[in-house]
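Novice: Have a look at this one.
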Amino acid sequence: MSAEELAHGGVDCDEAMAQLFIAAADGLIFQQITLDRPELNEAALAHLRRFLRSLAE
């Protein structure tokens with residue numbers, strides 16, 4: 001994921017913010033594998049999606 005790819009989705013950000021989203025996604029994947037708490041991961045993904053949508057508005 002890059003700033004350019006996010007821009008195609010309507011999110012205006014720089015490479016540092018794009019890196020932040022990658023790190024968040026990586027962390028959620030790691031937690032999904034190690035913690036086995038899918039309900040927590042789904043809630044965290046919902047927050048991340050809402051945040052991304054708010055940036056696209």
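Residues in the structure tokens are named by chain (A, B, ... in the order shown) and by number from 1 within that chain; ligands are numbered from 1 in the order shown.
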If you count only C-alpha atoms, which residues fall within 9 Å of Gln19 in chain A, apart from same-chain ones fewer than 4 positions away, as a list of chain:residue names?

Specialist: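 Listed by chain and then number, they are A:Met1, A:Ser2, A:Ala3, A:Asp14, A:Glu15, A:Ala23, A:Ala24.
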
Novice: Keeping only N, CA, C and O atoms, take the residues you just selected and write them out as an mmCIF file, in the first residue's frame.

Specialist:
```cif
data_model
loop_
_atom_site.group_PDB
_atom_site.id
_atom_site.type_symbol
_atom_site.label_atom_id
_atom_site.label_comp_id
_atom_site.auth_asym_id
_atom_site.auth_seq_id
_atom_site.Cartn_x
_atom_site.Cartn_y
_atom_site.Cartn_z
ATOM 1 N N MET A 1 0.853 -1.161 0.000
ATOM 2 C CA MET A 1 0.000 0.000 0.000
ATOM 3 C C MET A 1 0.899 1.223 0.000
ATOM 4 O O MET A 1 1.853 1.313 0.752
ATOM 5 N N SER A 2 0.576 2.160 -0.862
ATOM 6 C CA SER A 2 1.355 3.391 -0.938
ATOM 7 C C SER A 2 0.406 4.577 -0.874
ATOM 8 O O SER A 2 -0.814 4.426 -0.969
ATOM 9 N N ALA A 3 0.980 5.756 -0.717
ATOM 10 C CA ALA A 3 0.168 6.967 -0.711
ATOM 11 C C ALA A 3 -0.598 7.091 -2.022
ATOM 12 O O ALA A 3 -1.755 7.526 -2.042
ATOM 13 N N ASP A 14 0.494 11.234 2.933
ATOM 14 C CA ASP A 14 1.873 11.102 2.476
ATOM 15 C C ASP A 14 2.352 9.667 2.720
ATOM 16 O O ASP A 14 1.609 8.836 3.239
ATOM 17 N N GLU A 15 3.588 9.389 2.332
ATOM 18 C CA GLU A 15 4.131 8.042 2.482
ATOM 19 C C GLU A 15 4.212 7.611 3.947
ATOM 20 O O GLU A 15 4.032 6.434 4.271
ATOM 21 N N ALA A 23 1.528 -0.657 8.918
ATOM 22 C CA ALA A 23 1.919 -1.161 10.240
ATOM 23 C C ALA A 23 0.695 -1.595 11.043
ATOM 24 O O ALA A 23 0.719 -2.636 11.721
ATOM 25 N N ALA A 24 -0.384 -0.827 10.949
ATOM 26 C CA ALA A 24 -1.613 -1.194 11.655
ATOM 27 C C ALA A 24 -2.155 -2.517 11.119
ATOM 28 O O ALA A 24 -2.537 -3.403 11.894
#
```

Novice: Can you tell me which residues surround Ala44 in chain A at a distance of at most 10 Å, considering only C-alpha atoms, apart from same-chain residues fewer than 5 positions away, and format the answer as a PyMOL selection string?

Specialist: chain A and resi 24-25+28+38-39+49-50

Novice: Since we have the selection now, will you write its residues out, keeping N, CA, C and O atoms, as a CSV table (one decimal), in the first residue's frame?

Specialist:
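So the final result, stored in result12.csv, reads:
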```csv
chain,number,residue,atom,x,y,z
A,24,ALA,N,-0.4,-0.8,10.9
A,24,ALA,CA,-1.6,-1.2,11.7
A,24,ALA,C,-2.2,-2.5,11.1
A,24,ALA,O,-2.5,-3.4,11.9
A,25,ALA,N,-2.2,-2.7,9.8
A,25,ALA,CA,-2.7,-3.9,9.2
A,25,ALA,C,-1.8,-5.1,9.6
A,25,ALA,O,-2.3,-6.2,9.9
A,28,LEU,N,-2.6,-6.1,13.1
A,28,LEU,CA,-3.8,-6.8,13.3
A,28,LEU,C,-3.7,-8.2,12.7
A,28,LEU,O,-4.3,-9.1,13.3
A,38,PRO,N,-11.0,-13.3,17.4
A,38,PRO,CA,-11.5,-12.7,16.1
A,38,PRO,C,-12.4,-11.5,16.4
A,38,PRO,O,-12.5,-10.6,15.6
A,39,GLU,N,-13.2,-11.5,17.4
A,39,GLU,CA,-14.1,-10.4,17.7
A,39,GLU,C,-13.4,-9.1,18.0
A,39,GLU,O,-13.8,-8.1,17.5
A,49,ARG,N,-11.2,1.0,9.3
A,49,ARG,CA,-12.0,1.3,8.1
A,49,ARG,C,-12.7,2.7,8.3
A,49,ARG,O,-12.7,3.5,7.4
A,50,ARG,N,-13.3,2.9,9.5
A,50,ARG,CA,-14.0,4.2,9.7
A,50,ARG,C,-13.0,5.3,9.6
A,50,ARG,O,-13.3,6.4,9.0
```

Novice: For Leu52 in chain A, which of A:Phe21, A:Ala16, A:Asp36, A:Glu4 is the closest residue, counting only C-alpha atoms?

Specialist: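 Looking at the shortest contact to Leu52 in chain A, the residue is A:Phe21.
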
Novice: Please return, as an mmCIF file with all heavy atoms, in the first residue's frame, all residues of chain A that DSSP assigns to helix (DSSP H, G or I) on the basis of the backbone.

Specialist:
```
data_model
loop_
_atom_site.group_PDB
_atom_site.id
_atom_site.type_symbol
_atom_site.label_atom_id
_atom_site.label_comp_id
_atom_site.auth_asym_id
_atom_site.auth_seq_id
_atom_site.Cartn_x
_atom_site.Cartn_y
_atom_site.Cartn_z
ATOM 1 N N ALA A 3 0.980 5.756 -0.717
ATOM 2 C CA ALA A 3 0.168 6.967 -0.711
ATOM 3 C C ALA A 3 -0.598 7.091 -2.022
ATOM 4 O O ALA A 3 -1.755 7.526 -2.042
ATOM 5 C CB ALA A 3 1.048 8.192 -0.470
ATOM 6 N N GLU A 4 0.037 6.670 -3.119
ATOM 7 C CA GLU A 4 -0.630 6.733 -4.424
ATOM 8 C C GLU A 4 -1.840 5.805 -4.468
ATOM 9 O O GLU A 4 -2.903 6.176 -4.962
ATOM 10 C CB GLU A 4 0.363 6.360 -5.523
ATOM 11 C CG GLU A 4 -0.205 6.502 -6.920
ATOM 12 C CD GLU A 4 0.839 6.193 -7.978
ATOM 13 O OE1 GLU A 4 2.005 6.607 -7.814
ATOM 14 O OE2 GLU A 4 0.469 5.532 -8.951
ATOM 15 N N GLU A 5 -1.679 4.601 -3.932
ATOM 16 C CA GLU A 5 -2.802 3.663 -3.904
ATOM 17 C C GLU A 5 -3.933 4.178 -3.025
ATOM 18 O O GLU A 5 -5.110 4.043 -3.372
ATOM 19 C CB GLU A 5 -2.337 2.299 -3.411
ATOM 20 C CG GLU A 5 -1.440 1.570 -4.393
ATOM 21 C CD GLU A 5 -0.809 0.348 -3.796
ATOM 22 O OE1 GLU A 5 -0.269 0.432 -2.669
ATOM 23 O OE2 GLU A 5 -0.856 -0.696 -4.463
ATOM 24 N N LEU A 6 -3.588 4.766 -1.886
ATOM 25 C CA LEU A 6 -4.617 5.331 -1.021
ATOM 26 C C LEU A 6 -5.320 6.503 -1.696
ATOM 27 O O LEU A 6 -6.525 6.684 -1.539
ATOM 28 C CB LEU A 6 -4.008 5.760 0.320
ATOM 29 C CG LEU A 6 -3.608 4.602 1.237
ATOM 30 C CD1 LEU A 6 -2.739 5.116 2.375
ATOM 31 C CD2 LEU A 6 -4.821 3.888 1.762
ATOM 32 N N ALA A 7 -4.582 7.283 -2.470
ATOM 33 C CA ALA A 7 -5.180 8.406 -3.192
ATOM 34 C C ALA A 7 -6.233 7.913 -4.176
ATOM 35 O O ALA A 7 -7.273 8.569 -4.360
ATOM 36 C CB ALA A 7 -4.110 9.215 -3.914
ATOM 37 N N HIS A 8 -6.008 6.764 -4.793
ATOM 38 C CA HIS A 8 -7.010 6.185 -5.700
ATOM 39 C C HIS A 8 -8.293 5.856 -4.950
ATOM 40 O O HIS A 8 -9.372 5.855 -5.538
ATOM 41 C CB HIS A 8 -6.473 4.940 -6.404
ATOM 42 C CG HIS A 8 -5.471 5.239 -7.461
ATOM 43 N ND1 HIS A 8 -5.783 5.910 -8.624
ATOM 44 C CD2 HIS A 8 -4.157 4.959 -7.531
ATOM 45 C CE1 HIS A 8 -4.698 6.036 -9.364
ATOM 46 N NE2 HIS A 8 -3.692 5.461 -8.717
ATOM 47 N N GLU A 15 3.588 9.389 2.332
ATOM 48 C CA GLU A 15 4.131 8.042 2.482
ATOM 49 C C GLU A 15 4.212 7.611 3.947
ATOM 50 O O GLU A 15 4.032 6.434 4.271
ATOM 51 C CB GLU A 15 5.503 7.928 1.819
ATOM 52 C CG GLU A 15 5.448 7.913 0.303
ATOM 53 C CD GLU A 15 4.671 6.732 -0.276
ATOM 54 O OE1 GLU A 15 4.748 5.606 0.262
ATOM 55 O OE2 GLU A 15 3.972 6.950 -1.283
ATOM 56 N N ALA A 16 4.467 8.563 4.851
ATOM 57 C CA ALA A 16 4.551 8.219 6.273
ATOM 58 C C ALA A 16 3.205 7.715 6.789
ATOM 59 O O ALA A 16 3.144 6.733 7.544
ATOM 60 C CB ALA A 16 5.023 9.422 7.084
ATOM 61 N N MET A 17 2.108 8.361 6.391
ATOM 62 C CA MET A 17 0.793 7.916 6.823
ATOM 63 C C MET A 17 0.450 6.578 6.176
ATOM 64 O O MET A 17 -0.137 5.711 6.824
ATOM 65 C CB MET A 17 -0.288 8.943 6.517
ATOM 66 C CG MET A 17 -1.629 8.559 7.131
ATOM 67 S SD MET A 17 -2.879 9.825 6.971
ATOM 68 C CE MET A 17 -2.331 10.987 8.192
ATOM 69 N N ALA A 18 0.828 6.394 4.917
ATOM 70 C CA ALA A 18 0.604 5.099 4.269
ATOM 71 C C ALA A 18 1.337 4.013 5.039
ATOM 72 O O ALA A 18 0.800 2.916 5.248
ATOM 73 C CB ALA A 18 1.071 5.151 2.816
ATOM 74 N N GLN A 19 2.546 4.289 5.488
ATOM 75 C CA GLN A 19 3.320 3.330 6.279
ATOM 76 C C GLN A 19 2.616 3.028 7.593
ATOM 77 O O GLN A 19 2.632 1.893 8.068
ATOM 78 C CB GLN A 19 4.733 3.872 6.533
ATOM 79 C CG GLN A 19 5.664 2.888 7.163
ATOM 80 C CD GLN A 19 5.943 1.684 6.272
ATOM 81 O OE1 GLN A 19 5.936 1.771 5.052
ATOM 82 N NE2 GLN A 19 6.163 0.550 6.882
ATOM 83 N N LEU A 20 1.986 4.026 8.181
ATOM 84 C CA LEU A 20 1.220 3.826 9.411
ATOM 85 C C LEU A 20 0.093 2.828 9.182
ATOM 86 O O LEU A 20 -0.122 1.926 9.997
ATOM 87 C CB LEU A 20 0.656 5.161 9.893
ATOM 88 C CG LEU A 20 -0.334 5.097 11.046
ATOM 89 C CD1 LEU A 20 0.368 4.710 12.330
ATOM 90 C CD2 LEU A 20 -1.036 6.423 11.193
ATOM 91 N N PHE A 21 -0.619 2.940 8.070
ATOM 92 C CA PHE A 21 -1.704 2.010 7.774
ATOM 93 C C PHE A 21 -1.175 0.596 7.551
ATOM 94 O O PHE A 21 -1.791 -0.375 7.976
ATOM 95 C CB PHE A 21 -2.511 2.480 6.562
ATOM 96 C CG PHE A 21 -3.211 3.791 6.787
ATOM 97 C CD1 PHE A 21 -3.184 4.772 5.815
ATOM 98 C CD2 PHE A 21 -3.895 4.051 7.962
ATOM 99 C CE1 PHE A 21 -3.828 5.984 6.015
ATOM 100 C CE2 PHE A 21 -4.535 5.260 8.174
ATOM 101 C CZ PHE A 21 -4.503 6.229 7.196
ATOM 102 N N ILE A 22 -0.031 0.484 6.897
ATOM 103 C CA ILE A 22 0.583 -0.831 6.688
ATOM 104 C C ILE A 22 0.942 -1.455 8.034
ATOM 105 O O ILE A 22 0.679 -2.631 8.276
ATOM 106 C CB ILE A 22 1.826 -0.721 5.791
ATOM 107 C CG1 ILE A 22 1.415 -0.325 4.378
ATOM 108 C CG2 ILE A 22 2.610 -2.031 5.777
ATOM 109 C CD1 ILE A 22 2.580 0.085 3.494
ATOM 110 N N ALA A 23 1.528 -0.657 8.918
ATOM 111 C CA ALA A 23 1.919 -1.161 10.240
ATOM 112 C C ALA A 23 0.695 -1.595 11.043
ATOM 113 O O ALA A 23 0.719 -2.636 11.721
ATOM 114 C CB ALA A 23 2.702 -0.094 10.997
ATOM 115 N N ALA A 24 -0.384 -0.827 10.949
ATOM 116 C CA ALA A 24 -1.613 -1.194 11.655
ATOM 117 C C ALA A 24 -2.155 -2.517 11.119
ATOM 118 O O ALA A 24 -2.537 -3.403 11.894
ATOM 119 C CB ALA A 24 -2.649 -0.085 11.514
ATOM 120 N N ALA A 25 -2.190 -2.661 9.816
ATOM 121 C CA ALA A 25 -2.682 -3.901 9.215
ATOM 122 C C ALA A 25 -1.790 -5.080 9.602
ATOM 123 O O ALA A 25 -2.294 -6.161 9.949
ATOM 124 C CB ALA A 25 -2.764 -3.756 7.702
ATOM 125 N N ASP A 26 -0.478 -4.895 9.560
ATOM 126 C CA ASP A 26 0.453 -5.958 9.962
ATOM 127 C C ASP A 26 0.209 -6.374 11.416
ATOM 128 O O ASP A 26 0.201 -7.560 11.741
ATOM 129 C CB ASP A 26 1.903 -5.515 9.804
ATOM 130 C CG ASP A 26 2.391 -5.540 8.382
ATOM 131 O OD1 ASP A 26 1.702 -6.138 7.515
ATOM 132 O OD2 ASP A 26 3.465 -4.969 8.126
ATOM 133 N N GLY A 27 0.025 -5.389 12.270
ATOM 134 C CA GLY A 27 -0.228 -5.680 13.683
ATOM 135 C C GLY A 27 -1.524 -6.451 13.880
ATOM 136 O O GLY A 27 -1.585 -7.384 14.688
ATOM 137 N N LEU A 28 -2.555 -6.081 13.141
ATOM 138 C CA LEU A 28 -3.826 -6.790 13.255
ATOM 139 C C LEU A 28 -3.713 -8.222 12.749
ATOM 140 O O LEU A 28 -4.292 -9.142 13.335
ATOM 141 C CB LEU A 28 -4.920 -6.039 12.503
ATOM 142 C CG LEU A 28 -5.346 -4.715 13.147
ATOM 143 C CD1 LEU A 28 -6.282 -3.952 12.218
ATOM 144 C CD2 LEU A 28 -5.998 -4.964 14.497
ATOM 145 N N ILE A 29 -2.956 -8.426 11.688
ATOM 146 C CA ILE A 29 -2.736 -9.790 11.185
ATOM 147 C C ILE A 29 -1.992 -10.610 12.232
ATOM 148 O O ILE A 29 -2.367 -11.755 12.522
ATOM 149 C CB ILE A 29 -1.964 -9.760 9.851
ATOM 150 C CG1 ILE A 29 -2.844 -9.160 8.751
ATOM 151 C CG2 ILE A 29 -1.483 -11.156 9.471
ATOM 152 C CD1 ILE A 29 -2.091 -8.775 7.489
ATOM 153 N N PHE A 30 -0.955 -10.018 12.813
ATOM 154 C CA PHE A 30 -0.193 -10.716 13.857
ATOM 155 C C PHE A 30 -1.094 -11.090 15.029
ATOM 156 O O PHE A 30 -1.056 -12.211 15.537
ATOM 157 C CB PHE A 30 0.973 -9.843 14.328
ATOM 158 C CG PHE A 30 1.779 -10.471 15.425
ATOM 159 C CD1 PHE A 30 2.680 -11.487 15.145
ATOM 160 C CD2 PHE A 30 1.637 -10.053 16.734
ATOM 161 C CE1 PHE A 30 3.419 -12.079 16.159
ATOM 162 C CE2 PHE A 30 2.367 -10.634 17.752
ATOM 163 C CZ PHE A 30 3.265 -11.651 17.467
ATOM 164 N N GLN A 31 -1.932 -10.154 15.474
ATOM 165 C CA GLN A 31 -2.837 -10.430 16.591
ATOM 166 C C GLN A 31 -3.849 -11.513 16.230
ATOM 167 O O GLN A 31 -4.186 -12.352 17.070
ATOM 168 C CB GLN A 31 -3.554 -9.159 17.026
ATOM 169 C CG GLN A 31 -2.659 -8.197 17.749
ATOM 170 C CD GLN A 31 -3.392 -6.954 18.203
ATOM 171 O OE1 GLN A 31 -4.534 -6.700 17.829
ATOM 172 N NE2 GLN A 31 -2.736 -6.163 19.020
ATOM 173 N N GLN A 32 -4.328 -11.494 15.011
ATOM 174 C CA GLN A 32 -5.283 -12.519 14.586
ATOM 175 C C GLN A 32 -4.660 -13.903 14.686
ATOM 176 O O GLN A 32 -5.299 -14.850 15.133
ATOM 177 C CB GLN A 32 -5.737 -12.250 13.148
ATOM 178 C CG GLN A 32 -6.720 -13.258 12.609
ATOM 179 C CD GLN A 32 -8.086 -13.179 13.263
ATOM 180 O OE1 GLN A 32 -8.488 -12.134 13.741
ATOM 181 N NE2 GLN A 32 -8.797 -14.277 13.287
ATOM 182 N N ILE A 33 -3.405 -13.999 14.305
ATOM 183 C CA ILE A 33 -2.715 -15.295 14.323
ATOM 184 C C ILE A 33 -2.375 -15.727 15.750
ATOM 185 O O ILE A 33 -2.515 -16.897 16.099
ATOM 186 C CB ILE A 33 -1.433 -15.229 13.468
ATOM 187 C CG1 ILE A 33 -1.815 -15.056 11.995
ATOM 188 C CG2 ILE A 33 -0.563 -16.459 13.665
ATOM 189 C CD1 ILE A 33 -0.655 -14.685 11.096
ATOM 190 N N THR A 34 -1.934 -14.792 16.575
ATOM 191 C CA THR A 34 -1.401 -15.169 17.886
ATOM 192 C C THR A 34 -2.417 -15.120 19.029
ATOM 193 O O THR A 34 -2.294 -15.893 19.977
ATOM 194 C CB THR A 34 -0.213 -14.268 18.273
ATOM 195 O OG1 THR A 34 -0.638 -12.911 18.304
ATOM 196 C CG2 THR A 34 0.932 -14.440 17.286
ATOM 197 N N LEU A 35 -3.386 -14.231 18.970
ATOM 198 C CA LEU A 35 -4.298 -14.067 20.106
ATOM 199 C C LEU A 35 -5.579 -14.882 19.991
ATOM 200 O O LEU A 35 -6.239 -15.139 20.991
ATOM 201 C CB LEU A 35 -4.668 -12.592 20.292
ATOM 202 C CG LEU A 35 -3.527 -11.639 20.627
ATOM 203 C CD1 LEU A 35 -4.051 -10.230 20.807
ATOM 204 C CD2 LEU A 35 -2.799 -12.100 21.881
ATOM 205 N N PRO A 38 -10.970 -13.279 17.356
ATOM 206 C CA PRO A 38 -11.487 -12.686 16.118
ATOM 207 C C PRO A 38 -12.431 -11.519 16.352
ATOM 208 O O PRO A 38 -12.455 -10.574 15.561
ATOM 209 C CB PRO A 38 -12.178 -13.841 15.401
ATOM 210 C CG PRO A 38 -12.314 -14.930 16.398
ATOM 211 C CD PRO A 38 -11.303 -14.690 17.480
ATOM 212 N N GLU A 39 -13.191 -11.544 17.436
ATOM 213 C CA GLU A 39 -14.127 -10.443 17.699
ATOM 214 C C GLU A 39 -13.378 -9.138 17.962
ATOM 215 O O GLU A 39 -13.815 -8.070 17.539
ATOM 216 C CB GLU A 39 -15.076 -10.778 18.858
ATOM 217 C CG GLU A 39 -14.447 -10.800 20.249
ATOM 218 C CD GLU A 39 -13.555 -12.001 20.569
ATOM 219 O OE1 GLU A 39 -13.586 -12.995 19.827
ATOM 220 O OE2 GLU A 39 -12.842 -11.925 21.575
ATOM 221 N N LEU A 40 -12.247 -9.209 18.633
ATOM 222 C CA LEU A 40 -11.428 -8.030 18.887
ATOM 223 C C LEU A 40 -10.821 -7.511 17.585
ATOM 224 O O LEU A 40 -10.808 -6.306 17.330
ATOM 225 C CB LEU A 40 -10.327 -8.356 19.900
ATOM 226 C CG LEU A 40 -9.430 -7.207 20.328
ATOM 227 C CD1 LEU A 40 -10.231 -6.103 20.999
ATOM 228 C CD2 LEU A 40 -8.357 -7.719 21.262
ATOM 229 N N ASN A 41 -10.355 -8.418 16.754
ATOM 230 C CA ASN A 41 -9.777 -8.029 15.470
ATOM 231 C C ASN A 41 -10.830 -7.379 14.569
ATOM 232 O O ASN A 41 -10.548 -6.389 13.905
ATOM 233 C CB ASN A 41 -9.155 -9.237 14.778
ATOM 234 C CG ASN A 41 -7.684 -9.064 14.562
ATOM 235 O OD1 ASN A 41 -6.997 -8.537 15.424
ATOM 236 N ND2 ASN A 41 -7.205 -9.488 13.427
ATOM 237 N N GLU A 42 -12.030 -7.949 14.539
ATOM 238 C CA GLU A 42 -13.095 -7.374 13.716
ATOM 239 C C GLU A 42 -13.436 -5.961 14.176
ATOM 240 O O GLU A 42 -13.647 -5.066 13.365
ATOM 241 C CB GLU A 42 -14.339 -8.264 13.753
ATOM 242 C CG GLU A 42 -14.208 -9.517 12.936
ATOM 243 C CD GLU A 42 -13.956 -9.237 11.458
ATOM 244 O OE1 GLU A 42 -14.567 -8.321 10.892
ATOM 245 O OE2 GLU A 42 -13.126 -9.948 10.872
ATOM 246 N N ALA A 43 -13.478 -5.756 15.480
ATOM 247 C CA ALA A 43 -13.764 -4.421 16.015
ATOM 248 C C ALA A 43 -12.648 -3.442 15.654
ATOM 249 O O ALA A 43 -12.902 -2.302 15.266
ATOM 250 C CB ALA A 43 -13.948 -4.486 17.527
ATOM 251 N N ALA A 44 -11.397 -3.892 15.753
ATOM 252 C CA ALA A 44 -10.263 -3.030 15.403
ATOM 253 C C ALA A 44 -10.280 -2.699 13.914
ATOM 254 O O ALA A 44 -10.021 -1.547 13.523
ATOM 255 C CB ALA A 44 -8.947 -3.706 15.788
ATOM 256 N N LEU A 45 -10.601 -3.681 13.071
ATOM 257 C CA LEU A 45 -10.700 -3.425 11.631
ATOM 258 C C LEU A 45 -11.811 -2.434 11.323
ATOM 259 O O LEU A 45 -11.661 -1.575 10.451
ATOM 260 C CB LEU A 45 -10.944 -4.735 10.878
ATOM 261 C CG LEU A 45 -9.720 -5.594 10.645
ATOM 262 C CD1 LEU A 45 -10.139 -6.954 10.092
ATOM 263 C CD2 LEU A 45 -8.749 -4.919 9.710
ATOM 264 N N ALA A 46 -12.908 -2.538 12.032
ATOM 265 C CA ALA A 46 -14.009 -1.588 11.833
ATOM 266 C C ALA A 46 -13.551 -0.167 12.151
ATOM 267 O O ALA A 46 -13.869 0.776 11.424
ATOM 268 C CB ALA A 46 -15.208 -1.974 12.690
ATOM 269 N N HIS A 47 -12.777 -0.010 13.223
ATOM 270 C CA HIS A 47 -12.246 1.318 13.571
ATOM 271 C C HIS A 47 -11.300 1.828 12.482
ATOM 272 O O HIS A 47 -11.358 3.000 12.099
ATOM 273 C CB HIS A 47 -11.495 1.274 14.906
ATOM 274 C CG HIS A 47 -12.387 1.193 16.094
ATOM 275 N ND1 HIS A 47 -13.315 2.150 16.411
ATOM 276 C CD2 HIS A 47 -12.485 0.239 17.052
ATOM 277 C CE1 HIS A 47 -13.949 1.814 17.520
ATOM 278 N NE2 HIS A 47 -13.466 0.659 17.923
ATOM 279 N N LEU A 48 -10.424 0.954 11.995
ATOM 280 C CA LEU A 48 -9.480 1.347 10.953
ATOM 281 C C LEU A 48 -10.221 1.745 9.678
ATOM 282 O O LEU A 48 -9.889 2.757 9.052
ATOM 283 C CB LEU A 48 -8.485 0.218 10.678
ATOM 284 C CG LEU A 48 -7.373 0.515 9.681
ATOM 285 C CD1 LEU A 48 -6.532 1.717 10.107
ATOM 286 C CD2 LEU A 48 -6.491 -0.711 9.495
ATOM 287 N N ARG A 49 -11.232 0.981 9.312
ATOM 288 C CA ARG A 49 -12.026 1.314 8.119
ATOM 289 C C ARG A 49 -12.721 2.665 8.274
ATOM 290 O O ARG A 49 -12.747 3.476 7.352
ATOM 291 C CB ARG A 49 -13.055 0.222 7.852
ATOM 292 C CG ARG A 49 -12.456 -1.042 7.315
ATOM 293 C CD ARG A 49 -13.547 -2.062 7.022
ATOM 294 N NE ARG A 49 -12.973 -3.342 6.713
ATOM 295 C CZ ARG A 49 -13.106 -4.440 7.463
ATOM 296 N NH1 ARG A 49 -13.837 -4.405 8.561
ATOM 297 N NH2 ARG A 49 -12.535 -5.561 7.101
ATOM 298 N N ARG A 50 -13.297 2.891 9.465
ATOM 299 C CA ARG A 50 -13.965 4.179 9.720
ATOM 300 C C ARG A 50 -12.980 5.338 9.609
ATOM 301 O O ARG A 50 -13.286 6.384 9.048
ATOM 302 C CB ARG A 50 -14.613 4.174 11.104
ATOM 303 C CG ARG A 50 -16.103 3.999 11.074
ATOM 304 C CD ARG A 50 -16.801 4.288 12.390
ATOM 305 N NE ARG A 50 -16.181 3.753 13.587
ATOM 306 C CZ ARG A 50 -16.328 2.505 14.026
ATOM 307 N NH1 ARG A 50 -17.041 1.642 13.351
ATOM 308 N NH2 ARG A 50 -15.760 2.118 15.138
ATOM 309 N N PHE A 51 -11.791 5.133 10.145
ATOM 310 C CA PHE A 51 -10.767 6.167 10.083
ATOM 311 C C PHE A 51 -10.386 6.463 8.639
ATOM 312 O O PHE A 51 -10.305 7.621 8.225
ATOM 313 C CB PHE A 51 -9.544 5.732 10.897
ATOM 314 C CG PHE A 51 -8.443 6.747 10.920
ATOM 315 C CD1 PHE A 51 -8.609 7.960 11.567
ATOM 316 C CD2 PHE A 51 -7.239 6.491 10.294
ATOM 317 C CE1 PHE A 51 -7.587 8.904 11.572
ATOM 318 C CE2 PHE A 51 -6.228 7.429 10.307
ATOM 319 C CZ PHE A 51 -6.404 8.630 10.956
ATOM 320 N N LEU A 52 -10.179 5.414 7.861
ATOM 321 C CA LEU A 52 -9.832 5.607 6.441
ATOM 322 C C LEU A 52 -10.964 6.308 5.693
ATOM 323 O O LEU A 52 -10.716 7.203 4.878
ATOM 324 C CB LEU A 52 -9.501 4.273 5.784
ATOM 325 C CG LEU A 52 -8.145 3.687 6.147
ATOM 326 C CD1 LEU A 52 -8.058 2.240 5.682
ATOM 327 C CD2 LEU A 52 -7.026 4.504 5.554
ATOM 328 N N ARG A 53 -12.211 5.922 5.962
ATOM 329 C CA ARG A 53 -13.342 6.579 5.301
ATOM 330 C C ARG A 53 -13.418 8.059 5.662
ATOM 331 O O ARG A 53 -13.725 8.895 4.831
ATOM 332 C CB ARG A 53 -14.647 5.880 5.669
ATOM 333 C CG ARG A 53 -14.922 4.680 4.831
ATOM 334 C CD ARG A 53 -16.343 4.167 5.055
ATOM 335 N NE ARG A 53 -16.284 2.714 5.053
ATOM 336 C CZ ARG A 53 -16.421 1.929 6.118
ATOM 337 N NH1 ARG A 53 -16.685 2.431 7.294
ATOM 338 N NH2 ARG A 53 -16.323 0.638 6.009
ATOM 339 N N SER A 54 -13.124 8.365 6.936
ATOM 340 C CA SER A 54 -13.198 9.773 7.355
ATOM 341 C C SER A 54 -12.141 10.615 6.632
ATOM 342 O O SER A 54 -12.374 11.790 6.356
ATOM 343 C CB SER A 54 -13.040 9.897 8.870
ATOM 344 O OG SER A 54 -11.708 9.681 9.276
ATOM 345 N N LEU A 55 -10.996 10.003 6.319
ATOM 346 C CA LEU A 55 -9.966 10.723 5.583
ATOM 347 C C LEU A 55 -10.365 10.938 4.124
ATOM 348 O O LEU A 55 -9.906 11.877 3.480
ATOM 349 C CB LEU A 55 -8.638 9.970 5.638
ATOM 350 C CG LEU A 55 -7.949 9.908 6.992
ATOM 351 C CD1 LEU A 55 -6.710 9.035 6.911
ATOM 352 C CD2 LEU A 55 -7.602 11.285 7.489
ATOM 353 N N ALA A 56 -11.195 10.045 3.599
ATOM 354 C CA ALA A 56 -11.603 10.123 2.209
ATOM 355 C C ALA A 56 -12.739 11.136 1.997
ATOM 356 O O ALA A 56 -13.042 11.495 0.865
ATOM 357 C CB ALA A 56 -12.029 8.753 1.706
#
```
